[in-house]
>>> print(open('final_27.txt').read())   # compact mmCIF, C-alpha atoms
# COMPACT_ATOMS: atom_id res chain seq x y z
CA MET A 1 34.82 -62.97 78.48
CA ARG A 2 37.89 -63.74 76.45
CA LYS A 3 37.69 -60.86 74.01
CA LYS A 4 40.94 -61.88 72.35
CA LEU A 5 39.38 -65.10 71.04
CA ILE A 6 36.47 -63.13 69.60
CA ILE A 7 38.81 -60.55 68.07
CA PHE A 8 40.95 -63.26 66.46
CA ARG A 9 37.86 -65.03 65.11
CA GLY A 10 36.87 -61.88 63.25
CA GLU A 11 34.17 -62.44 60.63
CA LYS A 12 34.37 -66.23 60.80
CA THR A 13 31.53 -68.07 62.47
CA VAL A 14 31.96 -69.96 65.71
CA THR A 15 30.95 -73.10 63.82
CA ALA A 16 33.61 -72.64 61.12
CA VAL A 17 36.44 -71.97 63.57
CA ALA A 18 35.40 -74.82 65.86
CA LYS A 19 35.36 -77.20 62.90
CA ASP A 20 38.82 -76.03 61.79
CA ILE A 21 40.21 -76.54 65.30
CA GLY A 22 38.42 -79.86 65.80
CA ILE A 23 36.10 -78.95 68.67
CA THR A 24 32.38 -78.36 69.01
CA ARG A 25 30.72 -75.01 68.48
CA GLN A 26 29.53 -75.21 72.08
CA MET A 27 33.06 -75.65 73.39
CA LEU A 28 34.37 -72.67 71.44
CA SER A 29 31.46 -70.54 72.67
CA ALA A 30 32.20 -71.61 76.25
CA LEU A 31 35.88 -70.74 75.82
CA GLU A 32 35.00 -67.32 74.37
CA SER A 33 32.55 -66.58 77.18
CA GLY A 34 35.10 -67.64 79.80
CA SER A 35 32.89 -70.33 81.29
CA ARG A 36 35.37 -73.05 80.24
CA THR A 37 39.15 -73.18 80.32
CA PRO A 38 40.99 -75.11 77.61
CA SER A 39 43.39 -77.94 78.28
CA LEU A 40 47.00 -77.16 77.43
CA GLU A 41 46.67 -79.25 74.26
CA LEU A 42 43.58 -77.34 73.14
CA ALA A 43 45.14 -73.97 74.03
CA ARG A 44 48.09 -74.92 71.78
CA LYS A 45 45.74 -75.88 68.93
CA ILE A 46 43.94 -72.56 69.22
CA ALA A 47 47.18 -70.58 69.39
CA ASN A 48 48.55 -72.40 66.34
CA TYR A 49 45.28 -71.85 64.45
CA TYR A 50 45.47 -68.11 65.06
CA GLU A 51 49.26 -68.05 64.56
CA SER A 52 49.68 -66.59 68.02
CA THR A 53 50.85 -67.69 71.45
CA ILE A 54 48.95 -69.20 74.35
CA GLU A 55 50.09 -66.27 76.47
CA GLU A 56 48.73 -63.66 74.09
CA ILE A 57 45.37 -65.35 73.72
CA PHE A 58 44.70 -66.58 77.24
CA PHE A 59 46.89 -64.50 79.57
CA ASP A 60 46.71 -60.96 78.19
CA SER A 61 44.64 -59.45 81.01
CA GLU A 62 43.52 -56.49 78.88
CA CYS A 63 41.43 -58.64 76.54
CA ASN A 64 40.68 -61.62 78.73
CA GLU A 65 38.33 -60.39 81.40
CA MET A 66 36.79 -63.45 83.00
CA LEU A 67 33.19 -63.66 84.12
CA PRO A 68 32.71 -63.79 87.88
CA SER A 69 31.93 -67.34 89.02
CA SER A 70 28.54 -66.19 90.32
CA VAL A 71 27.52 -65.20 86.79
CA ILE A 72 28.67 -68.53 85.36
CA ARG A 73 26.68 -70.48 87.97
CA GLU A 74 23.49 -68.57 87.11
CA LYS A 75 23.56 -69.76 83.48
>>> encode(input="final_27.txt", output="structure tokens")
Amino acid sequence: MRKKLIIFRGEKTVTAVAKDIGITRQMLSALESGSRTPSLELARKIANYYESTIEEIFFDSECNEMLPSSVIREK
């Protein structure tokens, strides 16, 4: 799970943030759960939206624990 994305989203809904970024609600949910990885272009859009860096959002290991692949396959 990418906790950092959820923390940055705060009280906003997944739908609202996804619309602001220009992606689907499903894509944002998949990114937050860690079942999808964004393209570099999308990672930049997200970082700009949150006024942060790609590194802070996607590479800070403390708040970006990824789901094991076995869990993702079960869904």
>>> atom_distance(input="final_27.txt", atom1="atom CA of A:Leu40", atom2="atom CA of A:Gly22")
14.7 Å
>>> closest_residue(input="final_27.txt", among="A:Thr13, A:Asp20, A:Arg25, A:Lys3", to="A:Asn48", atoms="all atoms listed in the file")
A:Asp20
>>> residues_around(input="final_27.txt", residues="A:Phe8", least_positions_apart="2", cutoff="12 Å", atoms="only C-alpha atoms", output="VMD selection string")
chain A and resid 2 to 6 10 to 14 17 32 46 to 53 56 to 58 63
>>> write_last_selection(input="final_27.txt", atoms="C-alpha atoms", output="mmCIF file, in the frame of the given file")
data_model
loop_
_atom_site.group_PDB
_atom_site.id
_atom_site.type_symbol
_atom_site.label_atom_id
_atom_site.label_comp_id
_atom_site.auth_asym_id
_atom_site.auth_seq_id
_atom_site.Cartn_x
_atom_site.Cartn_y
_atom_site.Cartn_z
ATOM 1 C CA ARG A 2 37.890 -63.740 76.450
ATOM 2 C CA LYS A 3 37.690 -60.860 74.010
ATOM 3 C CA LYS A 4 40.940 -61.880 72.350
ATOM 4 C CA LEU A 5 39.380 -65.100 71.040
ATOM 5 C CA ILE A 6 36.470 -63.130 69.600
ATOM 6 C CA GLY A 10 36.870 -61.880 63.250
ATOM 7 C CA GLU A 11 34.170 -62.440 60.630
ATOM 8 C CA LYS A 12 34.370 -66.230 60.800
ATOM 9 C CA THR A 13 31.530 -68.070 62.470
ATOM 10 C CA VAL A 14 31.960 -69.960 65.710
ATOM 11 C CA VAL A 17 36.440 -71.970 63.570
ATOM 12 C CA GLU A 32 35.000 -67.320 74.370
ATOM 13 C CA ILE A 46 43.940 -72.560 69.220
ATOM 14 C CA ALA A 47 47.180 -70.580 69.390
ATOM 15 C CA ASN A 48 48.550 -72.400 66.340
ATOM 16 C CA TYR A 49 45.280 -71.850 64.450
ATOM 17 C CA TYR A 50 45.470 -68.110 65.060
ATOM 18 C CA GLU A 51 49.260 -68.050 64.560
ATOM 19 C CA SER A 52 49.680 -66.590 68.020
ATOM 20 C CA THR A 53 50.850 -67.690 71.450
ATOM 21 C CA GLU A 56 48.730 -63.660 74.090
ATOM 22 C CA ILE A 57 45.370 -65.350 73.720
ATOM 23 C CA PHE A 58 44.700 -66.580 77.240
ATOM 24 C CA CYS A 63 41.430 -58.640 76.540
#
>>> axis_aligned_box(input="final_27.txt", around="stretch 53-57 of chain A", padding_each_side="6 Å", output="AutoDock Vina command-line options")
--center_x 48.1 --center_y -66.4 --center_z 74.0 --size_x 17.5 --size_y 17.5 --size_z 17.0
>>> closest_residue(input="final_27.txt", among="A:Arg9, A:Leu42, A:Arg36, A:Ile54", to="A:Ile23", atoms="all atoms listed in the file")
A:Leu42
>>> closest_residue(input="final_27.txt", among="A:Ala16, A:Ile7, A:Leu31, A:Met1", to="A:Ala43", atoms="only C-alpha atoms")
A:Leu31
